[in-house]
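A.B. asks: Please see the structure below; I have some questions.
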Amino acid sequence: MTHHTTDAADSHRPLGRLDMSKTIEKDEYEDRLKAVQVRFMEIHQAYLHTGDAAVCVFEGWDAAGKGGTIRRMAAVMDPRGFKVWPIAAPSPEDLRHHYLARFWQRLPGKGEICVFDRSWYGRVLVERVEGFAKPAEWGRAFDEINGFEKLLTDAGTRITKVFLYITPDEQLQRFKDRMEDPLKRWKLSYEDFRNRERWSEYENAANEMLERTSTANAPWLVVPANDKRYARITVLEHIAHKLAEGVDLKPEPVGKEIEKQFEKLQKLHEKETR
């Protein structure tokens, strides 16, 4: 496979600086995955007690591995305090309101972690490139988004933002694999192929987005994702690190009332089984 090379002019931009040859061995990946999933369980139970809240934003190219990464995280989370929001095109009702309104409604409450599979960044990516937002609208969105995220982090919500990047060759191979697998075909859409035709416009939009919205309170992690395992473990470990910062992850002791009730239940069980 040929690796994507950017023009010299682009090599100083966020996507141009990536080393697309990064990989990881399967055994190392599996060991690190087990460890990070245990860490997510610790984070999750801690948040339910501390009332901390977090937002995890996933952006990136079609077929770059967002869904597979989110699934590894969701697999060990309790749905009572963990939500995944797959963000599609705005509905007619959404279009009657400010574009950020539908995201406000999906933000985490105390003790919750919410994952956005695509996000408010659609305004400066797909809506910009496809002409759904006027230049004046997407042009002011950079400051609006930075302000929105600052409101959240000032109020104590943690934000992690990751962008998964794959080369055109790799994306085409993944589309081909999906076309040939009946159980993966559902992931493909007409938009995936249409978006592909405007690759350089999307790349330019993504570079500008990363340059203008990677802030001190909500920085971007940009990940070379040609190797799925490398991308997945890099993203999961990054999110776990950010979500655990400054949080006491020691499990809460069992309350006296629960202990008493459990002893009562044990005695009752012994009585019944004599």
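Residue numbering restarts at 1 in every chain; chains get A, B, ... in the order shown in the structure tokens, and ligands count up from 1 in that same order.
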What's the 8 Å shell around region 98-101 of chain A, counting only C-alpha atoms, without same-chain residues fewer than 4 positions away, as number ranges by chain?

C.D. replies: A: 94, 105, 120, 123

A.B. asks: Please write the residues from the selection above to a file, keeping N, CA and C atoms, as a CSV table (one decimal), in the first residue's frame.

C.D. replies:
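Written out: selection32.csv:
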chain,number,residue,atom,x,y,z
A,94,ASP,N,-34.2,20.2,14.3
A,94,ASP,CA,-32.9,20.7,14.7
A,94,ASP,C,-32.6,22.0,13.9
A,105,GLN,N,-28.6,19.4,24.8
A,105,GLN,CA,-29.6,18.5,25.3
A,105,GLN,C,-28.9,17.1,25.6
A,120,TRP,N,-20.5,18.6,17.3
A,120,TRP,CA,-20.7,20.0,16.8
A,120,TRP,C,-19.7,20.4,15.8
A,123,ARG,N,-20.3,21.4,11.8
A,123,ARG,CA,-20.5,22.8,11.3
A,123,ARG,C,-19.3,23.3,10.5

A.B. asks: Please provide as a list in words all residues within 7 Å of Gln37 (chain A), with the sequence filter that same-chain residues fewer than 4 positions apart are discarded (counting only C-alpha atoms).

C.D. replies: Leu33, Met41, Met73 and Val76 of chain A

A.B. asks: I want to know what sits within 7 Å of Cys56 (chain A), based on only C-alpha atoms, with residues of the same chain fewer than 2 positions away left out; could you give that as a ChimeraX atom specification?

C.D. replies: /A:54,58,114-116,159-161

A.B. asks: May I have the residues within 6 Å of region 198-209 of chain A as a PDB file with all heavy atoms, in the first residue's frame, using only C-alpha atoms and disregarding those fewer than 4 positions away in the same chain?

C.D. replies:
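Writing done, so here's out.pdb:
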ATOM      1  N   PRO A  14      -1.492  20.071  10.969  1.00  0.00           N
ATOM      2  CA  PRO A  14      -1.684  18.921  11.871  1.00  0.00           C
ATOM      3  C   PRO A  14      -1.715  17.558  11.171  1.00  0.00           C
ATOM      4  O   PRO A  14      -1.066  16.612  11.635  1.00  0.00           O
ATOM      5  CB  PRO A  14      -3.023  19.229  12.542  1.00  0.00           C
ATOM      6  CG  PRO A  14      -3.119  20.717  12.521  1.00  0.00           C
ATOM      7  CD  PRO A  14      -2.461  21.149  11.244  1.00  0.00           C
ATOM      8  N   LEU A 125     -16.886  21.129   9.297  1.00  0.00           N
ATOM      9  CA  LEU A 125     -16.401  20.059   8.417  1.00  0.00           C
ATOM     10  C   LEU A 125     -17.417  19.815   7.307  1.00  0.00           C
ATOM     11  O   LEU A 125     -17.410  20.500   6.303  1.00  0.00           O
ATOM     12  CB  LEU A 125     -16.110  18.787   9.227  1.00  0.00           C
ATOM     13  CG  LEU A 125     -14.895  18.852  10.163  1.00  0.00           C
ATOM     14  CD1 LEU A 125     -14.828  17.631  11.069  1.00  0.00           C
ATOM     15  CD2 LEU A 125     -13.591  18.951   9.345  1.00  0.00           C
ATOM     16  N   THR A 213      -9.236  25.142  16.934  1.00  0.00           N
ATOM     17  CA  THR A 213     -10.061  24.734  18.079  1.00  0.00           C
ATOM     18  C   THR A 213      -9.314  23.808  19.041  1.00  0.00           C
ATOM     19  O   THR A 213      -9.932  23.209  19.919  1.00  0.00           O
ATOM     20  CB  THR A 213     -11.368  24.039  17.621  1.00  0.00           C
ATOM     21  OG1 THR A 213     -11.029  22.863  16.869  1.00  0.00           O
ATOM     22  CG2 THR A 213     -12.232  24.963  16.765  1.00  0.00           C
TER      23      THR A 213
END

A.B. asks: Show me, as number ranges by chain, the residues that have an atom within 8 Å of region 26-32 of chain A when counting only C-alpha atoms, minus same-chain residues fewer than 5 positions from it.

C.D. replies: A: 229-230, 233

A.B. asks: Counting only C-alpha atoms, which residues in region 107-226 of chain A sit no more than 10 Å from region 77-83 of chain A? For each one, give the nearest pair of atoms and the distance in Å, sorted by chain then residue number, as CSV.

C.D. replies:
residue,atom,partner,partner_atom,distance
A:Leu107,CA,A:Lys83,CA,9.6
A:Pro108,CA,A:Lys83,CA,8.2
A:Gly109,CA,A:Gly81,CA,8.7
A:Lys110,CA,A:Gly81,CA,9.0
A:Gly111,CA,A:Gly81,CA,6.5
A:Glu112,CA,A:Gly81,CA,4.6
A:Ile113,CA,A:Phe82,CA,4.9
A:Cys114,CA,A:Lys83,CA,4.8
A:Val115,CA,A:Lys83,CA,6.2
A:Phe116,CA,A:Lys83,CA,8.6

A.B. asks: Among region 6-226 of chain A, which ones does DSSP assign to strand (DSSP E or B) (computed from the backbone)? Answer as a PDB file with C-alpha atoms, in the first residue's frame.

C.D. replies:
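File produced: states.pdb:
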ATOM      1  CA  ALA A  54     -16.930  13.982  30.908  1.00  0.00           C
ATOM      2  CA  VAL A  55     -17.485  14.479  27.190  1.00  0.00           C
ATOM      3  CA  CYS A  56     -15.494  12.440  24.650  1.00  0.00           C
ATOM      4  CA  VAL A  57     -15.626  13.744  21.072  1.00  0.00           C
ATOM      5  CA  PHE A  58     -14.738  11.443  18.162  1.00  0.00           C
ATOM      6  CA  GLU A  59     -14.129  12.932  14.727  1.00  0.00           C
ATOM      7  CA  GLY A  60     -12.281  11.588  11.707  1.00  0.00           C
ATOM      8  CA  PHE A  82     -22.492   6.128  30.053  1.00  0.00           C
ATOM      9  CA  LYS A  83     -24.100   7.236  26.806  1.00  0.00           C
ATOM     10  CA  VAL A  84     -23.003   7.165  23.187  1.00  0.00           C
ATOM     11  CA  TRP A  85     -24.595   9.735  20.886  1.00  0.00           C
ATOM     12  CA  PRO A  86     -24.219   8.908  17.176  1.00  0.00           C
ATOM     13  CA  ILE A 113     -19.661  10.117  30.654  1.00  0.00           C
ATOM     14  CA  CYS A 114     -21.005  10.903  27.177  1.00  0.00           C
ATOM     15  CA  VAL A 115     -19.355   9.958  23.889  1.00  0.00           C
ATOM     16  CA  PHE A 116     -20.163  11.869  20.712  1.00  0.00           C
ATOM     17  CA  ASP A 117     -19.593   9.838  17.543  1.00  0.00           C
ATOM     18  CA  ARG A 158     -13.764  17.166  31.268  1.00  0.00           C
ATOM     19  CA  ILE A 159     -13.481  17.190  27.467  1.00  0.00           C
ATOM     20  CA  THR A 160     -11.367  14.881  25.325  1.00  0.00           C
ATOM     21  CA  LYS A 161     -11.337  15.302  21.543  1.00  0.00           C
ATOM     22  CA  VAL A 162      -9.772  12.827  19.138  1.00  0.00           C
ATOM     23  CA  PHE A 163      -9.421  12.943  15.363  1.00  0.00           C
ATOM     24  CA  LEU A 164      -8.672   9.678  13.525  1.00  0.00           C
ATOM     25  CA  TYR A 165      -6.895  10.080  10.206  1.00  0.00           C
ATOM     26  CA  TRP A 220      -7.185  17.737  20.139  1.00  0.00           C
ATOM     27  CA  LEU A 221      -5.373  14.413  19.922  1.00  0.00           C
ATOM     28  CA  VAL A 222      -4.746  13.639  16.227  1.00  0.00           C
ATOM     29  CA  VAL A 223      -4.062   9.957  15.596  1.00  0.00           C
ATOM     30  CA  PRO A 224      -2.643   8.183  12.528  1.00  0.00           C
TER      31      PRO A 224
END

A.B. asks: Skip Glu127 (chain A) itself and residues of its chain fewer than 2 positions away, then list as a list in words all residues within 12 Å of it, counting only C-alpha atoms.

C.D. replies: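 Listing them by chain and then by number gives Ala88, Ala89, Pro90, Tyr99, Ser119, Trp120, Tyr121, Gly122, Arg123, Val124, Leu125, Val129, Glu130, Gly131, Phe132, Ala133, Lys134, Pro135, Glu137, Trp138, Gly139, Ala141, Asn195, Glu201, Tyr202 and Ala205 of chain A.
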
A.B. asks: Taking the DSSP secondary structure from the backbone, can you list the residues of region 8-249 of chain A that are alpha helix (DSSP H), as a ChimeraX atom specification?

C.D. replies: /A:26-50,66-74,101-104,126-129,135-154,168-180,190-196,199-213,228-244

A.B. asks: Find the distance between CA of Lys66 (chain A) and CA of Ala155 (chain A) and write it in Å to one decimal.

C.D. replies: 27.3 Å

A.B. asks: Find the distance between CA of Arg212 (chain A) and CA of Leu151 (chain A) and write it in Å to one decimal.

C.D. replies: 17.2 Å

A.B. asks: Mind giving me the straight-line distance from CA of Ser11 (chain A) to CA of Lys176 (chain A) in Å, one decimal?

C.D. replies: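 CA of Ser11 (chain A) sits 28.7 Å away from CA of Lys176 (chain A).
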
A.B. asks: I want to know what sits within 12 Å of Glu252 (chain A), based on only C-alpha atoms, with residues of the same chain fewer than 3 positions away left out; could you give that as a PyMOL selection string?

C.D. replies: chain A and resi 42+45-50+248-249+255

A.B. asks: Write to file, as a PDB file, in the first residue's frame, the residues of the selection just made, with C-alpha atoms.

C.D. replies:
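Wrote it out as part-v6.pdb, contents follow:
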ATOM      1  CA  GLU A  42     -12.383   2.244  37.850  1.00  0.00           C
ATOM      2  CA  GLN A  45     -17.399   3.766  39.374  1.00  0.00           C
ATOM      3  CA  ALA A  46     -15.414   6.752  40.713  1.00  0.00           C
ATOM      4  CA  TYR A  47     -17.452   9.246  38.648  1.00  0.00           C
ATOM      5  CA  LEU A  48     -20.721   7.793  39.954  1.00  0.00           C
ATOM      6  CA  HIS A  49     -19.568   8.752  43.487  1.00  0.00           C
ATOM      7  CA  THR A  50     -17.657  11.981  42.822  1.00  0.00           C
ATOM      8  CA  ASP A 248      -9.579   9.341  43.370  1.00  0.00           C
ATOM      9  CA  LEU A 249     -10.101   5.959  41.700  1.00  0.00           C
ATOM     10  CA  GLY A 255     -21.910   1.112  53.465  1.00  0.00           C
TER      11      GLY A 255
END

A.B. asks: Which one of A:Ile166, A:Pro92, A:Gly147, A:Trp104 sits closest to Ala231 (chain A) if you count only C-alpha atoms?

C.D. replies: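 The shortest atom-to-atom distance to Ala231 (chain A) comes from A:Ile166.
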